[in-house]
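> Input structure: work-v4.txt, which contains compact mmCIF, C-alpha atoms and all ligand atoms.
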# COMPACT_ATOMS: atom_id res chain seq x y z
CA MET H 1 15.33 65.92 46.80
CA LYS H 2 12.28 64.67 48.68
CA ASN H 3 12.46 64.94 52.47
CA ILE H 4 12.51 68.58 53.52
CA LEU H 5 13.05 69.74 57.09
CA VAL H 6 10.90 72.85 57.58
CA THR H 7 11.73 74.81 60.73
CA GLY H 8 8.84 77.07 61.73
CA GLY H 9 6.55 74.98 59.53
CA ALA H 10 3.49 75.77 61.66
CA GLY H 11 3.99 79.53 61.28
CA PHE H 12 2.47 81.95 58.79
CA ILE H 13 4.70 81.47 55.74
CA GLY H 14 5.80 78.02 56.93
CA SER H 15 2.30 76.56 56.98
CA HIS H 16 1.47 77.85 53.49
CA THR H 17 4.74 76.39 52.24
CA ILE H 18 3.89 72.98 53.73
CA VAL H 19 0.74 72.94 51.57
CA GLU H 20 2.71 73.78 48.41
CA LEU H 21 5.40 71.20 49.24
CA LEU H 22 2.84 68.43 49.78
CA ASN H 23 0.96 69.39 46.62
CA LYS H 24 4.23 69.07 44.67
CA GLY H 25 5.12 65.62 46.08
CA TYR H 26 7.73 66.70 48.62
CA ASN H 27 7.74 65.13 52.08
CA PRO H 28 8.03 67.93 54.65
CA ILE H 29 9.12 67.32 58.24
CA ILE H 30 8.11 70.16 60.54
CA LEU H 31 10.29 71.37 63.43
CA ASP H 32 8.45 74.02 65.45
CA ASN H 33 8.25 75.05 69.11
CA PHE H 34 4.85 76.77 68.65
CA SER H 35 6.18 79.96 70.22
CA ASN H 36 4.24 82.00 67.65
CA SER H 37 1.83 79.46 66.17
CA GLU H 38 -1.00 77.12 67.16
CA LYS H 39 -1.16 73.32 67.08
CA PHE H 40 -4.54 73.20 65.33
CA ILE H 41 -2.77 74.46 62.19
CA ILE H 42 -1.22 70.99 61.80
CA ASP H 43 -4.71 69.44 61.58
CA ARG H 44 -5.72 72.09 59.07
CA LEU H 45 -2.65 71.23 56.98
CA LYS H 46 -3.68 67.58 56.98
CA SER H 47 -7.28 68.29 55.98
CA LEU H 48 -6.23 70.81 53.31
CA THR H 49 -3.84 68.36 51.66
CA GLY H 50 -5.66 65.08 52.38
CA LYS H 51 -2.66 63.66 54.28
CA LYS H 52 -3.24 61.38 57.27
CA GLU H 53 0.10 62.27 58.84
CA ILE H 54 2.59 65.10 58.64
CA LYS H 55 5.81 64.50 60.54
CA LEU H 56 6.23 66.96 63.39
CA TYR H 57 8.98 67.56 65.96
CA GLU H 58 8.03 70.01 68.70
CA ALA H 59 11.29 71.61 69.78
CA ASP H 60 13.37 74.78 69.88
CA CYS H 61 15.83 74.83 67.02
CA THR H 62 18.45 76.92 68.82
CA VAL H 63 19.25 73.78 70.87
CA LYS H 64 21.60 71.58 68.87
CA SER H 65 20.59 68.28 70.49
CA ASN H 66 16.98 68.93 69.41
CA VAL H 67 17.94 69.50 65.80
CA LEU H 68 20.42 66.63 65.72
CA LYS H 69 17.67 64.27 66.83
CA VAL H 70 15.68 65.11 63.70
CA PHE H 71 18.71 64.57 61.44
CA GLU H 72 19.40 61.24 63.17
CA ASN H 73 15.80 60.02 62.86
CA GLU H 74 15.05 61.21 59.34
CA LYS H 75 16.84 61.13 56.03
CA ILE H 76 16.86 64.85 55.25
CA ASP H 77 17.60 66.04 51.69
CA GLY H 78 17.08 69.76 52.19
CA VAL H 79 16.10 72.38 54.73
CA ILE H 80 13.82 75.41 54.68
CA HIS H 81 14.60 77.59 57.68
CA PHE H 82 11.67 79.84 58.66
CA ALA H 83 11.88 79.67 62.45
CA ALA H 84 12.69 83.16 63.71
CA PHE H 85 11.33 86.15 65.59
CA LYS H 86 10.04 88.63 63.04
CA ALA H 87 8.62 91.86 64.43
CA VAL H 88 10.58 94.99 63.63
CA GLY H 89 9.12 97.04 66.53
CA GLU H 90 9.42 94.27 69.15
CA SER H 91 13.06 93.68 68.25
CA PHE H 92 14.00 97.04 69.85
CA SER H 93 12.79 95.87 73.25
CA LYS H 94 14.13 92.31 72.90
CA PRO H 95 17.44 92.65 71.03
CA LEU H 96 19.21 89.78 72.80
CA GLU H 97 16.28 87.42 72.31
CA TYR H 98 16.20 88.32 68.62
CA HIS H 99 19.92 87.77 68.08
CA LYS H 100 19.98 84.57 70.12
CA ASN H 101 16.96 83.06 68.43
CA ASN H 102 17.55 84.14 64.84
CA VAL H 103 21.33 83.82 64.60
CA ASN H 104 21.89 80.78 66.84
CA SER H 105 19.23 78.73 65.11
CA LEU H 106 21.00 79.22 61.79
CA THR H 107 24.46 78.24 63.06
CA VAL H 108 23.02 75.20 64.86
CA LEU H 109 21.24 74.16 61.68
CA LEU H 110 24.35 74.61 59.53
CA GLU H 111 26.40 72.47 61.94
CA CYS H 112 23.79 69.71 61.88
CA MET H 113 23.58 69.89 58.07
CA LYS H 114 27.36 69.66 57.81
CA GLU H 115 27.55 66.67 60.16
CA HIS H 116 24.87 64.86 58.15
CA ASN H 117 26.05 65.88 54.68
CA VAL H 118 22.94 67.89 53.87
CA ASP H 119 23.80 70.76 51.52
CA ASN H 120 20.51 72.27 50.32
CA LEU H 121 19.07 75.20 52.23
CA VAL H 122 16.39 77.83 51.62
CA PHE H 123 16.81 80.66 54.11
CA SER H 124 14.11 83.20 55.05
CA SER H 125 15.69 86.59 54.70
CA SER H 126 14.00 89.94 54.50
CA CYS H 127 14.01 93.23 52.62
CA THR H 128 15.14 94.83 55.90
CA VAL H 129 18.68 93.93 54.80
CA TYR H 130 18.39 96.89 52.37
CA GLY H 131 17.93 99.42 55.22
CA ASP H 132 16.67 102.90 54.38
CA THR H 133 16.96 102.71 50.62
CA GLU H 134 17.15 105.87 48.55
CA HIS H 135 15.64 104.29 45.47
CA SER H 136 13.00 101.64 44.89
CA PRO H 137 12.59 99.20 43.29
CA VAL H 138 15.59 97.59 44.97
CA SER H 139 17.46 94.83 43.24
CA GLU H 140 19.49 92.15 45.02
CA GLU H 141 22.70 94.14 44.55
CA SER H 142 21.39 97.20 46.43
CA VAL H 143 22.65 96.16 49.87
CA LYS H 144 24.36 99.48 50.58
CA ASN H 145 22.73 100.83 53.72
CA LYS H 146 22.50 99.19 57.11
CA PRO H 147 19.29 97.63 58.46
CA THR H 148 17.36 99.99 60.74
CA SER H 149 16.31 97.52 63.45
CA PRO H 150 17.77 94.68 65.56
CA TYR H 151 15.46 92.34 63.63
CA GLY H 152 16.91 93.54 60.33
CA ARG H 153 20.44 93.12 61.65
CA THR H 154 19.75 89.50 62.60
CA LYS H 155 18.81 88.83 58.98
CA ALA H 156 21.87 90.68 57.65
CA TYR H 157 24.14 88.71 60.04
CA CYS H 158 22.55 85.44 58.94
CA GLU H 159 23.20 86.35 55.31
CA ALA H 160 26.81 87.19 56.23
CA ILE H 161 27.18 83.81 57.98
CA LEU H 162 25.90 82.02 54.88
CA ASN H 163 28.27 84.02 52.69
CA ASP H 164 31.26 83.26 54.93
CA TYR H 165 30.36 79.60 55.24
CA SER H 166 29.88 79.16 51.50
CA THR H 167 33.38 80.48 50.82
CA ASP H 168 34.94 77.89 53.14
CA GLU H 169 36.41 75.40 50.66
CA LYS H 170 35.22 72.43 52.72
CA SER H 171 31.65 73.69 52.63
CA LYS H 172 29.27 72.18 50.12
CA LEU H 173 26.50 74.60 51.00
CA ASN H 174 23.94 74.98 48.23
CA ALA H 175 21.58 77.71 49.32
CA VAL H 176 19.20 80.47 48.41
CA MET H 177 18.32 83.45 50.58
CA LEU H 178 14.79 84.66 49.90
CA ARG H 179 14.32 88.32 50.78
CA TYR H 180 10.65 88.70 51.58
CA PHE H 181 9.02 92.08 51.30
CA ASN H 182 5.62 92.20 53.09
CA PRO H 183 3.89 88.80 53.00
CA ILE H 184 0.16 89.16 53.71
CA GLY H 185 -3.11 87.34 53.03
CA ALA H 186 -4.14 83.77 53.77
CA HIS H 187 -4.80 80.53 51.96
CA PRO H 188 -7.73 81.01 49.51
CA SER H 189 -9.54 78.18 51.35
CA GLY H 190 -9.65 80.38 54.48
CA GLU H 191 -8.33 77.38 56.47
CA ILE H 192 -4.87 78.72 57.35
CA GLY H 193 -3.56 82.26 57.71
CA GLU H 194 -1.67 84.67 59.93
CA LEU H 195 -2.20 83.98 63.64
CA PRO H 196 -0.55 86.61 65.79
CA LEU H 197 -0.58 85.72 69.47
CA GLY H 198 -1.62 88.93 71.27
CA PRO H 199 -1.94 92.32 69.58
CA PRO H 200 -0.65 92.11 65.99
CA ASN H 201 2.58 93.87 65.09
CA ASN H 202 1.87 93.85 61.38
CA LEU H 203 -0.52 95.99 59.40
CA VAL H 204 -2.92 93.52 57.78
CA PRO H 205 -3.82 91.42 60.85
CA TYR H 206 -4.31 94.69 62.74
CA ILE H 207 -6.70 95.87 60.02
CA THR H 208 -8.70 92.61 59.95
CA GLN H 209 -8.92 92.43 63.77
CA THR H 210 -10.10 96.06 63.92
CA ALA H 211 -12.70 95.46 61.21
CA ALA H 212 -13.85 92.36 63.10
CA GLY H 213 -14.33 94.41 66.27
CA LEU H 214 -11.51 92.72 68.19
CA ARG H 215 -9.42 95.93 68.31
CA GLU H 216 -10.85 99.36 68.84
CA GLU H 217 -8.75 101.35 66.42
CA LEU H 218 -5.88 100.98 63.99
CA THR H 219 -3.10 103.53 64.36
CA ILE H 220 -1.40 104.41 61.11
CA PHE H 221 2.20 105.02 62.08
CA GLY H 222 3.06 108.43 60.62
CA GLY H 223 1.22 110.65 58.16
CA ASP H 224 4.11 112.98 57.37
CA TYR H 225 6.38 110.79 55.25
CA LYS H 226 7.49 112.11 51.87
CA THR H 227 4.98 110.06 49.89
CA ASP H 228 1.81 111.08 48.02
CA ASP H 229 -0.52 110.54 50.99
CA GLY H 230 2.11 110.89 53.75
CA THR H 231 2.08 107.20 54.76
CA CYS H 232 4.83 104.61 54.18
CA LEU H 233 5.06 102.57 50.98
CA ARG H 234 5.60 98.81 51.19
CA ASP H 235 5.56 95.92 48.78
CA TYR H 236 2.73 93.58 49.82
CA ILE H 237 2.88 90.04 48.46
CA HIS H 238 0.37 87.21 48.87
CA VAL H 239 1.68 84.52 51.23
CA VAL H 240 0.83 81.74 48.75
CA ASP H 241 3.02 83.45 46.12
CA VAL H 242 5.82 83.49 48.71
CA ALA H 243 5.23 79.81 49.53
CA VAL H 244 5.37 78.81 45.86
CA ALA H 245 8.77 80.53 45.54
CA HIS H 246 10.18 78.13 48.17
CA VAL H 247 9.24 75.13 46.08
CA ALA H 248 10.73 76.83 42.99
CA SER H 249 13.92 77.42 45.01
CA LEU H 250 14.18 73.74 46.00
CA ASP H 251 13.64 72.70 42.37
CA TRP H 252 16.39 75.12 41.33
CA LEU H 253 18.81 73.92 44.02
CA ALA H 254 18.18 70.28 43.07
CA GLU H 255 19.94 70.89 39.76
CA ARG H 256 22.92 72.70 41.25
CA SER H 257 25.72 72.43 43.77
CA ASN H 258 27.74 74.94 45.80
CA GLU H 259 25.49 77.87 44.89
CA LEU H 260 24.56 80.80 47.09
CA GLU H 261 22.05 83.22 45.60
CA SER H 262 19.67 85.82 47.02
CA PHE H 263 16.26 86.58 45.51
CA ASN H 264 13.73 89.31 46.18
CA LEU H 265 10.15 88.15 46.68
CA GLY H 266 7.66 90.96 46.26
CA SER H 267 4.92 92.22 43.98
CA GLY H 268 7.22 94.84 42.45
CA LYS H 269 5.06 97.81 43.46
CA GLY H 270 4.78 100.08 46.48
CA ASP H 271 1.39 100.60 48.16
CA SER H 272 0.82 103.14 50.91
CA VAL H 273 -0.61 102.17 54.29
CA LEU H 274 -3.68 104.30 53.59
CA HIS H 275 -4.17 102.63 50.21
CA VAL H 276 -4.09 99.22 51.90
CA VAL H 277 -6.71 100.35 54.44
CA LYS H 278 -8.97 101.81 51.70
CA THR H 279 -8.56 98.72 49.50
CA PHE H 280 -9.45 96.50 52.45
CA GLU H 281 -12.58 98.57 53.11
CA LYS H 282 -13.58 98.12 49.48
CA VAL H 283 -13.04 94.36 49.19
CA SER H 284 -14.56 93.57 52.60
CA ASN H 285 -17.31 96.17 52.45
CA THR H 286 -16.41 96.96 56.06
CA LYS H 287 -15.22 100.21 57.67
CA VAL H 288 -11.91 100.29 59.52
CA ASN H 289 -11.72 102.66 62.47
CA TYR H 290 -8.31 104.33 62.18
CA LYS H 291 -6.30 107.37 63.21
CA ILE H 292 -2.98 108.78 62.08
CA GLY H 293 -0.44 108.52 64.91
CA GLU H 294 3.26 108.97 65.55
CA ARG H 295 5.89 107.35 63.35
CA ARG H 296 7.09 103.90 64.50
CA ILE H 297 10.78 103.50 65.32
CA GLY H 298 12.68 101.50 62.69
CA ASP H 299 10.26 102.14 59.79
CA VAL H 300 11.69 103.20 56.45
CA THR H 301 9.68 105.50 54.14
CA THR H 302 9.60 103.40 50.99
CA VAL H 303 10.73 99.98 49.97
CA TYR H 304 9.54 97.82 47.09
CA ALA H 305 11.17 95.08 45.09
CA ASP H 306 12.72 94.52 41.72
CA CYS H 307 11.85 90.83 41.25
CA ALA H 308 13.36 90.36 37.80
CA LYS H 309 15.97 87.92 39.11
CA ALA H 310 13.46 85.56 40.76
CA ASN H 311 11.16 85.86 37.72
CA LYS H 312 13.94 84.82 35.39
CA VAL H 313 16.13 82.45 37.37
CA LEU H 314 13.49 80.67 39.45
CA ASN H 315 10.85 80.99 36.74
CA TRP H 316 8.52 82.37 39.39
CA LYS H 317 5.84 85.04 39.18
CA THR H 318 3.17 86.33 41.55
CA LYS H 319 -0.39 85.23 40.79
CA PHE H 320 -2.38 87.12 43.42
CA SER H 321 -3.22 90.85 43.68
CA LEU H 322 -3.40 93.11 46.75
CA GLU H 323 -7.21 92.80 46.54
CA ASP H 324 -6.98 88.96 46.56
CA ALA H 325 -4.63 89.02 49.55
CA LEU H 326 -6.89 91.33 51.57
CA GLN H 327 -9.98 89.34 50.62
CA HIS H 328 -8.34 86.09 51.73
CA ALA H 329 -7.05 87.66 54.98
CA TRP H 330 -10.60 88.85 55.72
CA GLN H 331 -12.10 85.42 55.02
CA TRP H 332 -9.56 83.87 57.38
CA GLN H 333 -10.41 86.43 60.08
CA LEU H 334 -14.15 85.73 59.68
CA ASN H 335 -13.54 81.97 59.91
CA LEU H 336 -11.46 82.46 63.09
CA LYS H 337 -14.24 84.48 64.69
CA LYS H 338 -16.70 81.66 64.05
CA GLN H 339 -14.55 79.09 65.90
N1 LIG D 401 1.68 99.93 60.22
C1 LIG D 401 0.77 100.81 60.74
N2 LIG D 401 0.03 100.40 61.81
C2 LIG D 401 0.15 99.16 62.36
C3 LIG D 401 1.08 98.26 61.82
C4 LIG D 401 1.84 98.69 60.74
O1 LIG D 401 0.63 101.94 60.28
O2 LIG D 401 -0.56 98.88 63.34
C5 LIG D 401 2.47 100.36 59.07
C6 LIG D 401 3.96 100.36 59.34
O3 LIG D 401 4.37 101.56 59.93
C7 LIG D 401 4.51 100.14 57.94
C8 LIG D 401 3.46 99.28 57.24
O4 LIG D 401 2.26 99.44 58.02
O5 LIG D 401 4.58 101.36 57.27
C9 LIG D 401 3.82 97.83 57.24
O6 LIG D 401 4.14 97.45 58.55
P1 LIG D 401 4.27 95.93 59.00
O7 LIG D 401 4.57 95.93 60.46
O8 LIG D 401 3.10 95.16 58.54
O9 LIG D 401 5.49 95.43 58.16
P2 LIG D 401 6.98 95.98 58.15
O10 LIG D 401 7.12 96.68 56.84
O11 LIG D 401 7.40 96.70 59.34
O12 LIG D 401 7.72 94.62 58.27
C10 LIG D 401 7.65 93.76 57.24
C11 LIG D 401 7.89 92.33 57.72
C12 LIG D 401 9.31 92.18 58.14
C13 LIG D 401 10.23 92.75 57.10
C14 LIG D 401 9.88 94.21 56.90
C15 LIG D 401 10.76 94.99 56.00
O13 LIG D 401 7.02 92.01 58.79
O14 LIG D 401 9.58 90.81 58.32
O15 LIG D 401 8.59 94.22 56.36
O16 LIG D 401 10.31 96.33 55.92
F1 LIG D 401 11.49 92.65 57.46
As a first step, turn the structure in this file into structure tokens.


Amino acid sequence: MKNILVTGGAGFIGSHTIVELLNKGYNPIILDNFSNSEKFIIDRLKSLTGKKEIKLYEADCTVKSNVLKVFENEKIDGVIHFAAFKAVGESFSKPLEYHKNNVNSLTVLLECMKEHNVDNLVFSSSCTVYGDTEHSPVSEESVKNKPTSPYGRTKAYCEAILNDYSTDEKSKLNAVMLRYFNPIGAHPSGEIGELPLGPPNNLVPYITQTAAGLREELTIFGGDYKTDDGTCLRDYIHVVDVAVAHVASLDWLAERSNELESFNLGSGKGDSVLHVVKTFEKVSNTKVNYKIGERRIGDVTTVYADCAKANKVLNWKTKFSLEDALQHAWQWQLNLKKQ
């Protein structure tokens, strides 16, 4: 396996994965419509990896003719499908957009893969498929409750589509579904990182933008949850650790056929929102102006991962700590401010 189509390759997790793919000798081909990313990231990817060219198709991957063009022009061996809308809160006000974008892009991609005899797929799923879990850590078998947001349902439907398609006896699908917990941080070089267009939906970019003076105040959504400090617990994982797991998944798929497996990608521990804010203040030596506000619709109290399966099967482990991730996110924010 060498030539890898990466949809959403200019995005947050996508761009970090491009670096890891290039460093491991893969040849990524990016398909991105830049709806939630910036073109300068492509130049950063080139300078970070010392490559003169990275193949790029600028197009929407819900349109089959766009995706077919890439399969016709390139010899694709495998696909990593990142391109999707990803904000839990926003998905309540844009449910149709979320379903159309996230679900259609997967079916279009599967059709193109089938027509061109490409079997290998790494799919970006999410811990939202676990819904409001009673117990953490959650293992891959814990899919008992329903997702609590339209965004989460798009990921659950995509997983169902992959399951249905893989049981079709004509299908040769060979895929992994990576269930991300909360990817944060930035590349240690400070050259690429999370780039929300407009006010950030996610916690860490909101923290860094507030600390940098770009936002007045961070609102912590809810201080009355049943946790030690009253704020939600999440499993924060460094984006480079997430990126590395994609390369491990491709390596694993290369030695198999007709597999469909899901893997949790997290740190394996739950950190409260307040702990993240305090840890950020410590590593950046900067105060964050914050207040405790109302709960946010769709949030679950606690979710963190049991990653034993990915550790064992993919031979993958996290390398970075919460402190590293917050330090790198801060460096990235400072670099952006200087531009
Ligand atoms: N939070 C705040 N204030 C903010 C933003 C977030 O208090 O301004 C809190 C949230 O309420 C939550 C925690 O910080 O408790 C993390 O929120 P994020 O929005 O950063 O992340 P989510 O947990 O909502 O979402 C993430 C990923 C999704 C994934 C989901 C599963 O972005 O892709 O985890 O829970 F599906």

> Determine the nearest neighbour of Arg234 (chain H) from the options H:Leu197, H:Leu274, H:Val247, H:Ala329, counting only C-alpha atoms.

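Using only C-alpha atoms, the shortest distance to Arg234 (chain H) belongs to H:Leu274.
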
> Figure out the distance between CA of Ala243 (chain H) and CA of Gly14 (chain H), please, to one decimal in Å.

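These atoms are spaced 7.6 Å apart.
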
> Using all atoms listed in the file for the distances, tell me which of H:Trp332, H:Tyr26, H:Phe34, H:Phe320 is nearest to Thr208 (chain H).

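With all atoms listed in the file as the atom set, the closest residue is H:Trp332.
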
> As an exercise, work out the distance from CA of Leu250 (chain H) to CA of Asn23 (chain H) in Å and give it to one decimal place.

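Computing the Euclidean distance for CA of Leu250 (chain H) and CA of Asn23 (chain H) yields 13.9 Å.
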
> Skip Cys127 (chain H) itself and residues of its chain fewer than 6 positions away, then list as a ChimeraX atom specification all residues within 6 Å of it, counting only C-alpha atoms.

/H:179-181

> Taking all atoms listed in the file into account, which residues have an atom no farther than 6 Å from ligand LIG 401 (chain D)? I'd like them as a list in words.

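Written in the requested form, the residues are Lys86, Ala87, Val88, Ser126, Cys127, Thr128, Phe181, Asn182, Asn201, Asn202, Leu203, Tyr206, Leu218, Thr219, Ile220, Phe221, Cys232, Val273, Arg296 and Asp299 of chain H.
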
> Please provide the set of residues having any atom within 10 Å of Glu74 (chain H), restricted to all atoms listed in the file, with same-chain residues fewer than 3 positions apart removed, written as an mmCIF file with C-alpha atoms, in the coordinates of the input.


data_model
loop_
_atom_site.group_PDB
_atom_site.id
_atom_site.type_symbol
_atom_site.label_atom_id
_atom_site.label_comp_id
_atom_site.auth_asym_id
_atom_site.auth_seq_id
_atom_site.Cartn_x
_atom_site.Cartn_y
_atom_site.Cartn_z
ATOM 1 C CA ASN H 3 12.460 64.940 52.470
ATOM 2 C CA ILE H 4 12.510 68.580 53.520
ATOM 3 C CA LEU H 5 13.050 69.740 57.090
ATOM 4 C CA ILE H 29 9.120 67.320 58.240
ATOM 5 C CA LYS H 55 5.810 64.500 60.540
ATOM 6 C CA LEU H 68 20.420 66.630 65.720
ATOM 7 C CA LYS H 69 17.670 64.270 66.830
ATOM 8 C CA VAL H 70 15.680 65.110 63.700
ATOM 9 C CA PHE H 71 18.710 64.570 61.440
ATOM 10 C CA ASP H 77 17.600 66.040 51.690
#

> Using all atoms listed in the file for the distances, tell me which of H:Thr286, H:Asn258, H:Asn73, H:Thr7 is nearest to Ser105 (chain H).

H:Thr7

> From the set H:Gly25, H:Gly268, H:Gly298, H:Gly78, which residue has the shortest atom-to-atom contact distance to Val118 (chain H), counting only C-alpha atoms?

H:Gly78

> List the neighbours of Pro188 (chain H) out to 10 Å using all atoms listed in the file; skip same-chain residues closer than 4 positions along the sequence, and give me the result as a list in words.

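Contacts, in chain order: Ile192, Gly193, Val240, Asp324, Ala325, Gln327, His328, Ala329, Gln331 and Trp332 of chain H.
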
> Show me, as a list in words, the residues that have an atom within 9 Å of Leu195 (chain H) when counting all atoms listed in the file, minus same-chain residues fewer than 5 positions from it.

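Listing them by chain and then by number gives Gly11, Phe12, Asn36, Ser37, Glu38, Pro200 and Pro205 of chain H.
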
> Hey, what's within 12 Å of Asn311 (chain H) if we count all atoms listed in the file and toss same-chain stuff fewer than 2 positions away? As JSON, numbers by chain, please?

{"H": [241, 245, 248, 249, 263, 264, 265, 266, 267, 268, 305, 306, 307, 308, 309, 313, 314, 315, 316, 317, 318, 319]}

> Contacts between region 137-155 of chain H and region 106-132 of chain H, please, where a residue of region 106-132 of chain H counts if it comes within 6 Å (with only C-alpha atoms); show its shortest atom pair and distance in Å to one decimal, rows by chain and ascending number, as CSV.


residue,atom,partner,partner_atom,distance
H:Ser125,CA,H:Lys155,CA,5.8
H:Thr128,CA,H:Gly152,CA,4.9
H:Val129,CA,H:Pro147,CA,5.2
H:Tyr130,CA,H:Val143,CA,5.0
H:Gly131,CA,H:Pro147,CA,3.9

> At what distance in Å, to one decimal, does CA of Val204 (chain H) lie from CA of Thr301 (chain H)?

17.8 Å
